[in-house]
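**Q** Below you'll find the structure I mean.
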Amino acid sequence: MKKLFVIGGMGAGKSTARKALVDQGVSFIDLDKVGHDVLMWDTVKTELVQTFGEDILDENGEIVRAKLAEKAFVNPSETRKLNRITLPRIEEAYMDQIDELERQGNDAVVVEYSVFKNRQSSLAYDADAVIAVLAPLDMRIERAVKAGWNEADVRRRIAQQITDADRIEAADVVFNNDGTPEELRNEVLVWWEDYKKSL
């Protein structure tokens with residue numbers, strides 16, 4: 001089963017590219033969603049509370065992601081604490097989903113991966129294709145704010161992500177999403193028609 005990783009900064013258009021492939025019948029895994037699901041595991045909740053304090057929980061004892069983010073993204077050492085707890089679990093949940101999709105006989109899966117750093121030390125180490133979606137910074141900020149994010153938060157998150165130059169270096173195919181969603185979608189479909197021949 002071919003693993004196609006879609007990478008890109010916040011507001012670049014990863015979801016648009018992913019949806020174009022899903023509409024062609026490709027299965028998908030959203031690693032952000034996997035990450036959110038892992039926060040509901042009791043073992044993870046316990047470790048996060050021990051590390052970051054009780055006040056990251058809501059009245060039902062569930063993790064409030066915004067409160068966790070406020071503490072975990074203050075500096076790199078706090079972020080590392082979060083990653084040590086969550087990343088092994090995210091990898092485990094991801095591998096379970098990959099195994100299940102392979103068992104079902106899927107030819108390909110598209111994985112949306114927003115925290116991609118590099119191919120070597122990440123879930124993309126065995127990617128068959130890394131697809132980078134790029135867009136100008138001001139456009140990305142505008143899109144994210146339109147989607148309901150706070151501008152300062154968007155800028156902070158973008159500052160913590162790798163650069164587009166790093167993404168281009170890691171990618172097998174690059175899409176510049178500085179036009180409409182339809183234009184990006186069409187470019188992705190043209191690439192897919194060609195790529196499909198290798199399946």
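Here, A, B, ... name the chains of the structure tokens in the order displayed, residue numbers run from 1 inside each chain, and ligands are numbered from 1 in the same displayed order.
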Contacts of Glu92 (chain A) at 12 Å or less, counting only C-alpha atoms, minus same-chain residues fewer than 3 places along, as a ChimeraX atom specification?

**A** /A:31,34-35,37-38,86-89,95-99,123

**Q** Mind writing the picked residues with N, CA and C atoms as a tab-separated table (two decimals), in the first residue's frame?

**A**
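To be explicit, this is the file written out as part18.tsv:
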chain	number	residue	atom	x	y	z
A	31	LEU	N	-3.43	12.91	10.89
A	31	LEU	CA	-2.62	12.72	12.10
A	31	LEU	C	-3.02	13.70	13.21
A	34	VAL	N	-5.69	11.83	14.92
A	34	VAL	CA	-5.08	10.75	15.71
A	34	VAL	C	-4.54	11.34	17.01
A	35	GLY	N	-3.87	12.49	16.89
A	35	GLY	CA	-3.32	13.16	18.08
A	35	GLY	C	-4.40	13.56	19.08
A	37	ASP	N	-7.36	12.08	19.37
A	37	ASP	CA	-7.91	10.84	19.93
A	37	ASP	C	-7.04	10.29	21.06
A	38	VAL	N	-5.72	10.39	20.86
A	38	VAL	CA	-4.77	9.88	21.85
A	38	VAL	C	-4.92	10.62	23.18
A	86	THR	N	3.08	12.01	24.05
A	86	THR	CA	2.08	11.76	22.99
A	86	THR	C	2.62	11.05	21.75
A	87	LEU	N	3.83	11.38	21.32
A	87	LEU	CA	4.29	10.86	20.02
A	87	LEU	C	4.34	9.34	19.92
A	88	PRO	N	4.85	8.62	20.94
A	88	PRO	CA	4.85	7.15	20.82
A	88	PRO	C	3.43	6.59	20.69
A	89	ARG	N	2.47	7.22	21.36
A	89	ARG	CA	1.07	6.75	21.30
A	89	ARG	C	0.47	7.07	19.93
A	95	MET	N	0.03	3.30	13.28
A	95	MET	CA	0.42	1.99	12.73
A	95	MET	C	-0.77	1.02	12.73
A	96	ASP	N	-1.60	1.09	13.78
A	96	ASP	CA	-2.80	0.25	13.83
A	96	ASP	C	-3.72	0.56	12.65
A	97	GLN	N	-3.88	1.86	12.36
A	97	GLN	CA	-4.75	2.26	11.23
A	97	GLN	C	-4.15	1.80	9.90
A	98	ILE	N	-2.82	1.94	9.76
A	98	ILE	CA	-2.15	1.51	8.52
A	98	ILE	C	-2.36	0.00	8.32
A	99	ASP	N	-2.15	-0.78	9.39
A	99	ASP	CA	-2.32	-2.24	9.30
A	99	ASP	C	-3.74	-2.59	8.88
A	123	LEU	N	6.96	9.95	11.25
A	123	LEU	CA	6.11	8.88	10.71
A	123	LEU	C	6.24	8.77	9.20

**Q** I want to know what sits within 10 Å of Ala20 (chain A), based on only C-alpha atoms, with residues of the same chain fewer than 4 positions away left out; could you give that as a PyMOL selection string?

**A** chain A and resi 15-16+24-26+181-182+184-189+192

**Q** Pick out each residue of region 8-194 of chain A that DSSP on the backbone tags as helix (DSSP H, G or I); I need them as a ChimeraX atom specification.

**A** /A:14-22,31-38,42-52,54-56,65-72,76-103,123-126,137-146,151-160,164-170,181-194

**Q** List every residue of region 30-115 of chain A that DSSP, applied to the backbone, labels as strand (DSSP E or B), and write the result as a list of chain:residue names.

**A**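 Put together, the selection reads A:Asp30, A:Leu57, A:Ile63, A:Ala108, A:Val109, A:Val110, A:Val111, A:Glu112.
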
**Q** So which one's closest to Ile131 (chain A), A:Glu112, A:Asp42, A:Glu62, A:Glu193? Using only C-alpha atoms, please.

**A**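 Comparing A:Glu112, A:Asp42, A:Glu62, A:Glu193 against Ile131 (chain A), the winner is A:Glu112.
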
**Q** Between A:Ala72, A:Leu4, A:Ala147, A:Val173, single out the one closest to Ala108 (chain A), counting only C-alpha atoms.

**A** A:Leu4

**Q** Per residue of region 72-124 of chain A within 12 Å of region 46-50 of chain A, note the shortest atom pair and the distance in Å to one decimal, counting only C-alpha atoms, and order the rows by chain and increasing residue number, as a Markdown table.

**A**
| residue | atom | partner | partner_atom | distance |
| --- | --- | --- | --- | --- |
| A:Ala72 | CA | A:Leu48 | CA | 9.8 |
| A:Glu78 | CA | A:Leu48 | CA | 11.3 |
| A:Thr79 | CA | A:Leu48 | CA | 11.7 |
| A:Lys81 | CA | A:Leu48 | CA | 8.9 |
| A:Leu82 | CA | A:Leu48 | CA | 7.4 |
| A:Asn83 | CA | A:Leu48 | CA | 10.4 |
| A:Arg84 | CA | A:Glu47 | CA | 10.1 |
| A:Ile85 | CA | A:Glu47 | CA | 7.0 |
| A:Thr86 | CA | A:Leu48 | CA | 8.9 |

**Q** Could you write out that same residue set with N, CA and C atoms as a tab-separated table (two decimals), in the first residue's frame?

**A**
chain	number	residue	atom	x	y	z
A	72	ALA	N	2.28	23.72	26.97
A	72	ALA	CA	3.25	22.85	26.29
A	72	ALA	C	4.05	23.58	25.23
A	78	GLU	N	9.34	22.36	27.22
A	78	GLU	CA	7.98	21.94	27.57
A	78	GLU	C	7.35	21.16	26.40
A	79	THR	N	7.64	21.61	25.18
A	79	THR	CA	7.12	20.91	23.99
A	79	THR	C	7.68	19.49	23.93
A	81	LYS	N	8.49	17.67	26.46
A	81	LYS	CA	7.77	16.86	27.47
A	81	LYS	C	6.46	16.33	26.88
A	82	LEU	N	5.74	17.21	26.19
A	82	LEU	CA	4.48	16.82	25.55
A	82	LEU	C	4.73	15.72	24.52
A	83	ASN	N	5.74	15.93	23.69
A	83	ASN	CA	6.04	14.97	22.62
A	83	ASN	C	6.44	13.60	23.16
A	84	ARG	N	7.20	13.60	24.28
A	84	ARG	CA	7.61	12.31	24.87
A	84	ARG	C	6.40	11.49	25.30
A	85	ILE	N	5.34	12.19	25.74
A	85	ILE	CA	4.13	11.49	26.18
A	85	ILE	C	3.27	11.07	25.00
A	86	THR	N	3.08	12.01	24.05
A	86	THR	CA	2.08	11.76	22.99
A	86	THR	C	2.62	11.05	21.75

**Q** Find the spatial neighbours of region 136-141 of chain A, counting only C-alpha atoms, within a cut-off of 12 Å - ignore same-chain residues fewer than 4 positions away - and output them as a ChimeraX atom specification.

**A** /A:8-14,145-159,163-164,175-180

**Q** Measuring atom to atom with only C-alpha atoms, identify which of A:Arg167, A:His36, A:Lys196, A:Arg65 is nearest to Val133 (chain A).

**A**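 Result for the nearest residue to Val133 (chain A): A:Arg167.
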